[in-house]
file upload.pdb (PDB, C-alpha atoms)
ATOM      1  CA  GLU A   1     104.954  76.863  92.049
ATOM      2  CA  ASP A   2     104.226  75.554  88.571
ATOM      3  CA  GLY A   3     100.749  74.883  87.209
ATOM      4  CA  GLY A   4     100.646  71.439  88.789
ATOM      5  CA  GLY A   5     101.315  72.750  92.260
ATOM      6  CA  ARG A   6     104.946  71.619  92.241
ATOM      7  CA  ARG A   7     107.480  74.019  93.684
ATOM      8  CA  SER A   8     110.028  75.245  91.147
ATOM      9  CA  GLU A   9     113.576  73.974  91.489
ATOM     10  CA  ALA A  10     116.365  76.401  92.278
ATOM     11  CA  GLY A  11     118.469  77.359  89.281
ATOM     12  CA  GLU A  12     122.249  77.156  89.085
ATOM     13  CA  ASP A  13     122.550  80.831  90.027
ATOM     14  CA  GLY A  14     120.546  80.307  93.198
ATOM     15  CA  GLY A  15     117.371  81.814  91.737
ATOM     16  CA  LYS A  16     114.203  79.947  90.852
ATOM     17  CA  ASP A  17     113.079  78.800  87.458
ATOM     18  CA  VAL A  18     110.038  80.580  86.112
ATOM     19  CA  ARG A  19     107.322  78.266  84.811
ATOM     20  CA  ILE A  20     103.944  78.911  83.270
ATOM     21  CA  SER A  21     100.860  76.803  82.725
ATOM     22  CA  VAL A  22      99.361  76.577  79.241
ATOM     23  CA  ALA A  23      95.866  75.323  78.477
ATOM     24  CA  LEU A  24      95.136  74.012  74.970
ATOM     25  CA  CYS A  25      91.489  74.181  73.924
ATOM     26  CA  ALA A  26      90.358  72.316  70.815
ATOM     27  CA  PHE A  27      87.586  73.760  68.638
ATOM     28  CA  PRO A  28      86.404  72.742  65.179
ATOM     29  CA  ASP A  29      87.297  76.094  63.553
ATOM     30  CA  ILE A  30      88.649  79.580  64.211
ATOM     31  CA  LEU A  31      85.146  81.059  64.581
ATOM     32  CA  GLU A  32      84.208  78.770  67.468
ATOM     33  CA  SER A  33      87.603  79.299  69.040
ATOM     34  CA  SER A  34      87.185  83.065  68.821
ATOM     35  CA  LYS A  35      83.699  82.939  70.348
ATOM     36  CA  ALA A  36      84.981  80.910  73.273
ATOM     37  CA  SER A  37      87.830  83.351  73.834
ATOM     38  CA  LEU A  38      85.577  86.404  73.705
ATOM     39  CA  LYS A  39      83.198  84.895  76.276
ATOM     40  CA  SER A  40      85.943  85.291  78.854
ATOM     41  CA  LEU A  41      86.302  89.039  78.195
ATOM     42  CA  PRO A  42      84.079  91.894  79.384
ATOM     43  CA  LYS A  43      81.842  93.576  76.812
ATOM     44  CA  PRO A  44      81.675  97.338  76.210
ATOM     45  CA  GLU A  45      79.161  99.044  78.482
ATOM     46  CA  LYS A  46      78.232 101.447  75.681
ATOM     47  CA  MET A  47      78.905 101.722  71.967
ATOM     48  CA  PRO A  48      80.249 104.718  70.065
ATOM     49  CA  ALA A  49      77.777 107.052  68.392
ATOM     50  CA  LEU A  50      76.276 105.171  65.467
ATOM     51  CA  HIS A  51      76.962 107.885  62.898
ATOM     52  CA  THR A  52      80.713 107.619  63.516
ATOM     53  CA  LEU A  53      80.521 103.975  62.445
ATOM     54  CA  LYS A  54      78.199 104.735  59.541
ATOM     55  CA  ASP A  55      79.842 107.869  58.065
ATOM     56  CA  PRO A  56      83.538 108.782  57.713
ATOM     57  CA  ILE A  57      85.495 110.691  60.342
ATOM     58  CA  TRP A  58      87.597 113.482  58.822
ATOM     59  CA  THR A  59      90.862 114.614  60.405
ATOM     60  CA  THR A  60      93.101 117.619  59.903
ATOM     61  CA  TRP A  61      96.277 115.699  60.735
ATOM     62  CA  ALA A  62      97.611 114.332  57.454
ATOM     63  CA  LYS A  63      96.505 117.427  55.536
ATOM     64  CA  TYR A  64      97.814 120.174  57.825
ATOM     65  CA  LYS A  65      99.931 118.408  60.495
ATOM     66  CA  GLN A  66     100.776 121.031  63.190
ATOM     67  CA  TRP A  67      99.903 123.971  60.938
ATOM     68  CA  VAL A  68      96.188 123.807  61.621
ATOM     69  CA  SER A  69      94.090 126.946  62.127
ATOM     70  CA  GLN A  70      90.485 128.082  62.317
ATOM     71  CA  ARG A  71      90.554 129.343  58.734
ATOM     72  CA  LYS A  72      91.965 126.037  57.443
ATOM     73  CA  VAL A  73      89.486 123.913  59.413
ATOM     74  CA  LEU A  74      86.478 125.811  58.071
ATOM     75  CA  LYS A  75      87.836 125.775  54.514
ATOM     76  CA  TYR A  76      88.444 122.040  54.770
ATOM     77  CA  ALA A  77      84.956 121.377  56.128
ATOM     78  CA  SER A  78      83.394 123.428  53.324
ATOM     79  CA  GLU A  79      85.331 121.447  50.727
ATOM     80  CA  ILE A  80      84.114 118.155  52.204
ATOM     81  CA  ARG A  81      80.502 119.306  52.363
ATOM     82  CA  ASP A  82      80.535 120.800  48.849
ATOM     83  CA  SER A  83      82.079 117.637  47.400
ATOM     84  CA  GLY A  84      78.983 115.641  48.344
ATOM     85  CA  LEU A  85      81.029 113.154  50.381
ATOM     86  CA  ASP A  86      79.662 111.741  53.628
ATOM     87  CA  PHE A  87      81.015 112.862  56.996
ATOM     88  CA  SER A  88      80.372 112.559  60.720
ATOM     89  CA  VAL A  89      83.207 114.165  62.707
ATOM     90  CA  MET A  90      85.822 116.846  62.110
ATOM     91  CA  GLU A  91      88.810 115.943  64.275
ATOM     92  CA  ILE A  92      91.119 118.919  64.948
ATOM     93  CA  ASP A  93      94.577 117.550  65.601
ATOM     94  CA  ASP A  94      97.950 118.707  66.934
ATOM     95  CA  ARG A  95      98.785 122.332  67.794
ATOM     96  CA  TRP A  96      95.319 123.701  68.396
ATOM     97  CA  GLN A  97      96.405 124.395  71.997
ATOM     98  CA  ILE A  98      98.330 127.398  73.305
ATOM     99  CA  THR A  99     100.939 125.019  74.710
ATOM    100  CA  TYR A 100     100.805 121.277  75.351
ATOM    101  CA  GLY A 101      98.656 120.632  78.391
ATOM    102  CA  ASP A 102      96.864 123.974  78.616
ATOM    103  CA  LEU A 103      93.760 122.533  76.920
ATOM    104  CA  ASP A 104      92.630 125.836  75.449
ATOM    105  CA  PHE A 105      92.696 127.196  71.919
ATOM    106  CA  ASP A 106      95.643 129.232  70.632
ATOM    107  CA  PRO A 107      93.992 132.641  70.048
ATOM    108  CA  GLY A 108      96.441 133.459  67.283
ATOM    109  CA  LYS A 109      95.327 130.426  65.255
ATOM    110  CA  PHE A 110      91.751 130.165  66.514
ATOM    111  CA  PRO A 111      90.435 133.683  67.177
ATOM    112  CA  ASP A 112      86.805 132.545  67.599
ATOM    113  CA  PRO A 113      86.676 128.843  68.559
ATOM    114  CA  LYS A 114      83.035 128.985  69.641
ATOM    115  CA  GLY A 115      82.044 130.550  66.336
ATOM    116  CA  MET A 116      84.062 127.924  64.450
ATOM    117  CA  VAL A 117      82.423 125.034  66.314
ATOM    118  CA  ASP A 118      78.988 126.550  65.791
ATOM    119  CA  GLU A 119      79.668 126.814  62.063
ATOM    120  CA  LEU A 120      80.900 123.216  61.884
ATOM    121  CA  HIS A 121      77.798 122.067  63.745
ATOM    122  CA  ALA A 122      75.621 124.001  61.295
ATOM    123  CA  MET A 123      77.298 122.087  58.438
ATOM    124  CA  GLY A 124      76.491 118.799  60.187
ATOM    125  CA  PHE A 125      79.883 117.954  61.709
ATOM    126  CA  LYS A 126      80.551 116.810  65.252
ATOM    127  CA  VAL A 127      83.846 118.271  66.509
ATOM    128  CA  THR A 128      86.638 116.526  68.421
ATOM    129  CA  LEU A 129      90.038 117.696  69.670
ATOM    130  CA  TRP A 130      93.351 115.858  69.950
ATOM    131  CA  VAL A 131      94.515 115.476  73.567
ATOM    132  CA  MET A 132      97.145 113.488  75.421
ATOM    133  CA  PRO A 133      98.247 113.145  79.097
ATOM    134  CA  PHE A 134     101.352 115.322  78.598
ATOM    135  CA  ILE A 135     102.138 118.832  79.847
ATOM    136  CA  GLU A 136     105.048 121.057  78.823
ATOM    137  CA  LYS A 137     106.950 123.203  81.293
ATOM    138  CA  LYS A 138     105.998 126.644  79.969
ATOM    139  CA  SER A 139     102.264 125.945  80.148
ATOM    140  CA  ALA A 140      99.999 127.437  82.785
ATOM    141  CA  ALA A 141      98.760 123.896  83.459
ATOM    142  CA  TYR A 142     102.275 122.822  84.482
ATOM    143  CA  LYS A 143     102.520 125.504  87.163
ATOM    144  CA  GLU A 144      99.113 124.625  88.564
ATOM    145  CA  GLY A 145      99.623 120.858  88.433
ATOM    146  CA  LEU A 146     103.142 121.026  89.901
ATOM    147  CA  GLU A 147     101.881 122.848  92.985
ATOM    148  CA  ARG A 148      99.245 120.157  93.479
ATOM    149  CA  ASP A 149     101.566 117.193  92.810
ATOM    150  CA  PHE A 150      99.587 115.996  89.756
ATOM    151  CA  PHE A 151     102.480 114.734  87.595
ATOM    152  CA  VAL A 152     104.594 111.595  87.381
ATOM    153  CA  LYS A 153     108.001 112.125  88.979
ATOM    154  CA  LYS A 154     111.445 110.522  88.901
ATOM    155  CA  VAL A 155     114.499 110.481  91.186
ATOM    156  CA  THR A 156     117.091 113.205  90.659
ATOM    157  CA  SER A 157     119.909 110.688  90.146
ATOM    158  CA  THR A 158     121.073 107.238  91.168
ATOM    159  CA  SER A 159     123.343 108.854  93.759
ATOM    160  CA  HIS A 160     120.324 110.588  95.349
ATOM    161  CA  PRO A 161     117.605 107.907  95.213
ATOM    162  CA  TYR A 162     115.369 109.671  97.743
ATOM    163  CA  GLU A 163     115.278 113.049  96.003
ATOM    164  CA  GLU A 164     112.432 113.407  93.525
ATOM    165  CA  LYS A 165     111.845 115.871  90.679
ATOM    166  CA  PRO A 166     109.292 116.294  87.866
ATOM    167  CA  GLY A 167     109.610 113.401  85.442
ATOM    168  CA  PHE A 168     110.293 115.161  82.142
ATOM    169  CA  PHE A 169     110.832 112.857  79.167
ATOM    170  CA  SER A 170     111.175 112.971  75.403
ATOM    171  CA  TRP A 171     108.322 111.903  73.127
ATOM    172  CA  TRP A 172     107.531 112.155  69.408
ATOM    173  CA  ASN A 173     107.162 115.953  69.601
ATOM    174  CA  PHE A 174     109.000 118.856  71.175
ATOM    175  CA  PRO A 175     109.567 120.068  73.852
ATOM    176  CA  SER A 176     109.973 117.477  76.603
ATOM    177  CA  VAL A 177     106.942 116.981  78.829
ATOM    178  CA  VAL A 178     105.688 115.491  82.087
ATOM    179  CA  ALA A 179     102.817 112.996  82.313
ATOM    180  CA  LEU A 180      99.577 113.234  84.215
ATOM    181  CA  ASP A 181      99.618 110.995  87.302
ATOM    182  CA  VAL A 182      96.578 108.862  86.540
ATOM    183  CA  THR A 183      96.930 107.016  89.872
ATOM    184  CA  ASN A 184      96.001 110.274  91.630
ATOM    185  CA  PRO A 185      92.186 110.688  91.674
ATOM    186  CA  GLU A 186      92.478 114.446  92.209
ATOM    187  CA  ALA A 187      94.772 114.772  89.182
ATOM    188  CA  VAL A 188      92.333 112.760  87.067
ATOM    189  CA  ASP A 189      89.393 114.905  88.198
ATOM    190  CA  TRP A 190      91.397 118.063  87.421
ATOM    191  CA  TYR A 191      92.204 116.861  83.895
ATOM    192  CA  VAL A 192      88.671 115.643  83.166
ATOM    193  CA  SER A 193      87.153 118.888  84.448
ATOM    194  CA  ARG A 194      89.317 120.846  82.017
ATOM    195  CA  LEU A 195      88.046 118.688  79.156
ATOM    196  CA  ARG A 196      84.483 119.327  80.336
ATOM    197  CA  ARG A 197      85.286 123.041  80.295
ATOM    198  CA  LEU A 198      86.125 122.796  76.587
ATOM    199  CA  GLN A 199      82.746 121.211  75.994
ATOM    200  CA  ASP A 200      80.901 123.822  78.041
ATOM    201  CA  LEU A 201      82.694 126.857  76.573
ATOM    202  CA  TYR A 202      82.950 125.888  72.932
ATOM    203  CA  GLY A 203      80.539 123.014  72.334
ATOM    204  CA  ILE A 204      83.244 120.406  71.687
ATOM    205  CA  ASP A 205      81.630 116.985  71.195
ATOM    206  CA  GLY A 206      84.519 114.711  72.149
ATOM    207  CA  PHE A 207      88.219 113.991  72.054
ATOM    208  CA  LYS A 208      90.893 111.967  70.309
ATOM    209  CA  PHE A 209      92.776 110.540  73.300
ATOM    210  CA  ASP A 210      96.324 109.944  72.118
ATOM    211  CA  ALA A 211      99.261 108.220  73.846
ATOM    212  CA  GLY A 212      98.833 106.564  77.257
ATOM    213  CA  GLU A 213     101.452 103.862  76.756
ATOM    214  CA  PRO A 214     103.989 103.394  79.570
ATOM    215  CA  CYS A 215     106.899 103.564  77.111
ATOM    216  CA  PHE A 216     106.567 107.368  77.229
ATOM    217  CA  LEU A 217     106.965 107.608  80.997
ATOM    218  CA  PRO A 218     110.333 108.383  82.614
ATOM    219  CA  ARG A 219     112.380 105.417  83.691
ATOM    220  CA  ASP A 220     111.273 104.073  87.090
ATOM    221  CA  PRO A 221     108.313 106.463  87.292
ATOM    222  CA  ILE A 222     107.131 107.661  90.688
ATOM    223  CA  THR A 223     103.359 107.946  91.024
ATOM    224  CA  GLN A 224     101.098 108.698  93.983
ATOM    225  CA  ARG A 225     100.136 105.041  94.122
ATOM    226  CA  PRO A 226     102.851 102.765  92.732
ATOM    227  CA  LEU A 227     101.898 101.147  89.444
ATOM    228  CA  ALA A 228     101.320  97.422  89.906
ATOM    229  CA  TYR A 229     102.730  96.895  86.394
ATOM    230  CA  PRO A 230     103.682  99.355  83.609
ATOM    231  CA  SER A 231     100.523  98.903  81.543
ATOM    232  CA  GLU A 232      98.382  99.884  84.504
ATOM    233  CA  TYR A 233      99.090 103.442  83.354
ATOM    234  CA  THR A 234      97.355 102.608  80.062
ATOM    235  CA  HIS A 235      94.460 101.001  81.883
ATOM    236  CA  LEU A 236      93.879 104.058  84.076
ATOM    237  CA  TRP A 237      94.281 106.556  81.209
ATOM    238  CA  VAL A 238      91.590 104.786  79.200
ATOM    239  CA  LYS A 239      89.322 103.738  82.070
ATOM    240  CA  GLU A 240      89.444 106.784  84.343
ATOM    241  CA  VAL A 241      90.003 109.602  81.835
ATOM    242  CA  ALA A 242      88.806 108.637  78.351
ATOM    243  CA  GLY A 243      86.163 106.363  79.845
ATOM    244  CA  LYS A 244      84.373 109.407  81.261
ATOM    245  CA  PHE A 245      83.408 110.237  77.665
ATOM    246  CA  GLN A 246      82.434 106.822  76.336
ATOM    247  CA  GLY A 247      79.412 106.229  74.173
ATOM    248  CA  GLY A 248      79.972 109.266  71.952
ATOM    249  CA  VAL A 249      82.457 110.311  69.292
ATOM    250  CA  CYS A 250      85.722 109.783  71.203
ATOM    251  CA  GLU A 251      88.621 107.508  70.331
ATOM    252  CA  VAL A 252      91.696 106.103  72.074
ATOM    253  CA  ARG A 253      94.789 104.557  70.555
ATOM    254  CA  THR A 254      95.670 102.086  73.277
ATOM    255  CA  GLY A 255      94.075  99.785  75.794
ATOM    256  CA  HIS A 256      94.837  97.291  78.542
ATOM    257  CA  LYS A 257      92.026  95.417  80.256
ATOM    258  CA  THR A 258      89.668  98.137  78.986
ATOM    259  CA  GLN A 259      87.403  96.060  76.753
ATOM    260  CA  ASP A 260      84.389  97.283  78.736
ATOM    261  CA  VAL A 261      85.007 100.941  77.795
ATOM    262  CA  GLY A 262      82.759 101.936  74.890
ATOM    263  CA  LEU A 263      85.171 103.920  72.711
ATOM    264  CA  MET A 264      86.639 103.523  69.264
ATOM    265  CA  THR A 265      90.128 102.052  69.563
ATOM    266  CA  ARG A 266      92.422 103.374  66.854
ATOM    267  CA  ILE A 267      95.272 101.211  65.676
ATOM    268  CA  GLY A 268      98.678 102.894  65.640
ATOM    269  CA  ASP A 269      99.803 105.403  63.020
ATOM    270  CA  ARG A 270     100.240 103.750  59.624
ATOM    271  CA  PHE A 271     102.841 104.676  57.030
ATOM    272  CA  SER A 272     101.723 105.543  53.496
ATOM    273  CA  THR A 273     103.132 102.316  52.062
ATOM    274  CA  TRP A 274     101.884  98.971  50.750
ATOM    275  CA  ASP A 275     103.877  96.685  53.079
ATOM    276  CA  VAL A 276     102.623  94.399  55.826
ATOM    277  CA  ARG A 277     104.868  95.829  58.537
ATOM    278  CA  ASN A 278     103.062  99.162  58.936
ATOM    279  CA  GLY A 279     101.363  99.906  55.620
ATOM    280  CA  LEU A 280      98.181  98.911  53.832
ATOM    281  CA  GLN A 281      98.731  95.161  54.219
ATOM    282  CA  SER A 282      98.939  95.538  58.003
ATOM    283  CA  ILE A 283      95.354  96.828  58.282
ATOM    284  CA  ILE A 284      93.401  93.564  58.040
ATOM    285  CA  PRO A 285      95.521  91.494  60.477
ATOM    286  CA  THR A 286      95.699  94.362  62.984
ATOM    287  CA  VAL A 287      91.944  95.017  62.975
ATOM    288  CA  LEU A 288      91.219  91.284  63.250
ATOM    289  CA  THR A 289      93.603  91.054  66.191
ATOM    290  CA  SER A 290      91.882  94.020  67.821
ATOM    291  CA  GLY A 291      88.554  92.207  67.574
ATOM    292  CA  LEU A 292      89.958  88.968  68.966
ATOM    293  CA  LEU A 293      91.341  90.895  71.943
ATOM    294  CA  GLY A 294      87.860  92.208  72.711
ATOM    295  CA  TYR A 295      87.981  95.634  71.052
ATOM    296  CA  PRO A 296      85.268  95.478  68.367
ATOM    297  CA  PHE A 297      85.119  99.197  67.559
ATOM    298  CA  ALA A 298      88.462  99.240  65.790
ATOM    299  CA  LEU A 299      89.373 102.449  63.974
ATOM    300  CA  PRO A 300      91.927 101.552  61.265
ATOM    301  CA  ASP A 301      93.743 104.903  61.389
ATOM    302  CA  ILE A 302      93.786 107.345  58.468
ATOM    303  CA  ILE A 303      92.988 106.113  54.960
ATOM    304  CA  GLY A 304      96.171 106.385  52.936
ATOM    305  CA  GLY A 305      98.405 106.523  55.979
ATOM    306  CA  ASN A 306      99.920 109.548  57.702
ATOM    307  CA  ALA A 307     102.190 110.753  54.883
ATOM    308  CA  TYR A 308     105.236 110.677  57.157
ATOM    309  CA  PHE A 309     108.731 111.383  55.837
ATOM    310  CA  GLY A 310     107.246 113.401  52.972
ATOM    311  CA  ARG A 311     105.689 110.323  51.404
ATOM    312  CA  ASN A 312     102.098 110.857  50.247
ATOM    313  CA  PRO A 313     100.066 107.892  48.947
ATOM    314  CA  ASP A 314      99.705 107.716  45.200
ATOM    315  CA  THR A 315      96.253 107.384  43.647
ATOM    316  CA  GLU A 316      96.225 103.588  43.522
ATOM    317  CA  LEU A 317      97.318 103.185  47.146
ATOM    318  CA  PHE A 318      94.723 105.719  48.283
ATOM    319  CA  VAL A 319      91.931 103.971  46.361
ATOM    320  CA  ARG A 320      92.903 100.465  47.537
ATOM    321  CA  TRP A 321      93.159 101.704  51.124
ATOM    322  CA  THR A 322      89.680 103.205  50.876
ATOM    323  CA  GLN A 323      88.298  99.934  49.541
ATOM    324  CA  VAL A 324      89.778  97.975  52.446
ATOM    325  CA  ASN A 325      88.512 100.500  55.013
ATOM    326  CA  ALA A 326      84.994 100.331  53.613
ATOM    327  CA  LEU A 327      84.772  96.829  55.106
ATOM    328  CA  MET A 328      86.078  97.924  58.527
ATOM    329  CA  PRO A 329      84.088  99.098  61.578
ATOM    330  CA  ALA A 330      84.868 102.776  60.911
ATOM    331  CA  MET A 331      86.581 105.035  58.387
ATOM    332  CA  GLN A 332      88.888 107.964  59.089
ATOM    333  CA  VAL A 333      89.616 110.095  56.043
ATOM    334  CA  ARG A 334      92.154 112.679  54.988
ATOM    335  CA  THR A 335      93.034 114.291  51.691
ATOM    336  CA  GLY A 336      96.719 114.962  52.293
ATOM    337  CA  GLY A 337      98.279 116.671  49.308
ATOM    338  CA  ARG A 338      95.322 116.018  47.016
ATOM    339  CA  THR A 339      92.146 118.037  46.551
ATOM    340  CA  LEU A 340      88.603 116.806  46.862
TER     341      LEU A 340
END

call {"tool": "encode", "arguments": {"input": "upload.pdb", "output": "structure tokens"}}
result
Amino acid sequence: EDGGGRRSEAGEDGGKDVRISVALCAFPDILESSKASLKSLPKPEKMPALHTLKDPIWTTWAKYKQWVSQRKVLKYASEIRDSGLDFSVMEIDDRWQITYGDLDFDPGKFPDPKGMVDELHAMGFKVTLWVMPFIEKKSAAYKEGLERDFFVKKVTSTSHPYEEKPGFFSWWNFPSVVALDVTNPEAVDWYVSRLRRLQDLYGIDGFKFDAGEPCFLPRDPITQRPLAYPSEYTHLWVKEVAGKFQGGVCEVRTGHKTQDVGLMTRIGDRFSTWDVRNGLQSIIPTVLTSGLLGYPFALPDIIGGNAYFGRNPDTELFVRWTQVNALMPAMQVRTGGRTL
């Protein structure tokens, strides 16, 4: 039926026309319109730690990419402290793990993670780790989770629609991975408990929750409880996993009906360019949109962009980006190829 209660007419192909109802609300200006819209959305139950909104978050990503190590993290933190610049969090990004999904430090790169975290704490940093709901095949976590049916699956082929297998898929890194089945409460508890273990063993303060979008799942994913719609995966990743750590120093990069979760919501990776498509000029409209959608704690990604494709920001772009970010809810800083 359409919005007026009238049944849709059959189309020429025998199907039914799809109709939607649209309500137009008149307000004197954009501010009043925005207030009215936000009244219909839930508010965050908690807010992120105040110092992460007050002082910059520093990340290893643009500076070291996957070649991060304990020695580099401590050297970087010392440079920041000795420069006299403000800081709140040191976020340790990709390739701190043994393998994707194991959620433990690579002993070859981080021989004394507890000692490193203690030293960072002594300098005044909180410490977060980059995590995502993906597990690679050679990890110990994959063997354990496979036995307990904790991963999203897919059918073996169209000719065998009732035969299922682990749902490996390609993503932005290598190798291919499977995804945590966030519809399975036992799988969620297992994953969250392993994050808690990192906090208990090493003193980790929080996490950078990456990914969670359904575009990374295998085609026609099979979960313990069927997803009502693709973005329900996002909702459960943020609500049931990341949401267990709200009110602190954590961040997510996606959301769907998760306005009530008190986390910083990072906008997607920016390129180190000036343009409006995904560079500096995209920051203001994207952060404003985030606020209008009910996510006030918008984290505008890394100042200067991610230096992808070998393109580092020049001095003017870096300075202008910093100026824009100073007026945003939070700042995430990197030095890239430059020194402090």

call {"tool": "residues_around", "arguments": {"input": "upload.pdb", "residues": "stretch 114-123 of chain A", "least_positions_apart": "2", "cutoff": "7 Å", "atoms": "all atoms listed in the file", "output": "PyMOL selection string"}}
result
chain A and resi 70+112+125-127+202-203

call {"tool": "write_last_selection", "arguments": {"input": "upload.pdb", "atoms": "C-alpha atoms", "output": "PDB file, keeping the file's coordinate frame"}}
result
ATOM      1  CA  GLN A  70      90.485 128.082  62.317  1.00  0.00           C
ATOM      2  CA  ASP A 112      86.805 132.545  67.599  1.00  0.00           C
ATOM      3  CA  PHE A 125      79.883 117.954  61.709  1.00  0.00           C
ATOM      4  CA  LYS A 126      80.551 116.810  65.252  1.00  0.00           C
ATOM      5  CA  VAL A 127      83.846 118.271  66.509  1.00  0.00           C
ATOM      6  CA  TYR A 202      82.950 125.888  72.932  1.00  0.00           C
ATOM      7  CA  GLY A 203      80.539 123.014  72.334  1.00  0.00           C
TER       8      GLY A 203
END

call {"tool": "atom_distance", "arguments": {"input": "upload.pdb", "atom1": "atom CA of A:Lys46", "atom2": "atom CA of A:Lys239"}}
result
13.0 Å

call {"tool": "resolve_selection", "arguments": {"input": "upload.pdb", "expression": "the PyMOL selection byres ((chain A and resi 43) around 7)", "output": "PyMOL selection string"}}
result
chain A and resi 41-42+44-45+259-260

call {"tool": "atom_distance", "arguments": {"input": "upload.pdb", "atom1": "atom CA of A:Leu195", "atom2": "atom CA of A:Met328"}}
result
29.3 Å

call {"tool": "resolve_selection", "arguments": {"input": "upload.pdb", "expression": "the PyMOL selection byres ((chain A and resi 317) around 12)", "output": "list in words"}}
result
Phe271, Ser272, Thr273, Trp274, Asp275, Gly279, Leu280, Gln281, Ile303, Gly304, Gly305, Ala307, Arg311, Asn312, Pro313, Asp314, Thr315, Glu316, Phe318, Val319, Arg320, Trp321, Thr322, Gln323 and Val324 of chain A

call {"tool": "residues_around", "arguments": {"input": "upload.pdb", "residues": "stretch 244-252 of chain A", "least_positions_apart": "6", "cutoff": "10 Å", "atoms": "all atoms listed in the file", "output": "NGL selection string"}}
result
:A and (44-53 or 57 or 88-89 or 91 or 126-132 or 192 or 195-196 or 205-212 or 237-238 or 261-267 or 297-299)

call {"tool": "resolve_selection", "arguments": {"input": "upload.pdb", "expression": "the PyMOL selection byres ((chain A and resi 224) around 6)", "output": "list in words"}}
result
Asn184, Thr223 and Arg225 of chain A

call {"tool": "residues_around", "arguments": {"input": "upload.pdb", "residues": "A:Glu136", "least_positions_apart": "5", "cutoff": "12 Å", "atoms": "all atoms listed in the file", "output": "list in words"}}
result
Gln97, Ile98, Thr99, Tyr100, Gly101, Asp102, Leu103, Ala141, Tyr142, Lys143, Glu144, Gly145, Leu146, Phe151, Pro166, Gly167, Phe168, Phe169, Ser170, Trp171, Asn173, Phe174, Pro175, Ser176, Val177, Val178, Ala179 and Leu180 of chain A

call {"tool": "atom_distance", "arguments": {"input": "upload.pdb", "atom1": "atom CA of A:Ser40", "atom2": "atom CA of A:Lys257"}}
result
11.9 Å

call {"tool": "closest_residue", "arguments": {"input": "upload.pdb", "among": "A:Ala330, A:Ile302, A:Val241, A:Ile30", "to": "A:Lys63", "atoms": "only C-alpha atoms"}}
result
A:Ile302

call {"tool": "closest_residue", "arguments": {"input": "upload.pdb", "among": "A:Val68, A:Gly124, A:Cys215, A:Gly310", "to": "A:Ile80", "atoms": "only C-alpha atoms"}}
result
A:Gly124

call {"tool": "closest_residue", "arguments": {"input": "upload.pdb", "among": "A:Tyr191, A:Trp58, A:Trp67, A:Phe27", "to": "A:Val333", "atoms": "all atoms listed in the file"}}
result
A:Trp58

call {"tool": "closest_residue", "arguments": {"input": "upload.pdb", "among": "A:Asn278, A:Asp200, A:Glu213, A:Ile222", "to": "A:Thr254", "atoms": "only C-alpha atoms"}}
result
A:Glu213
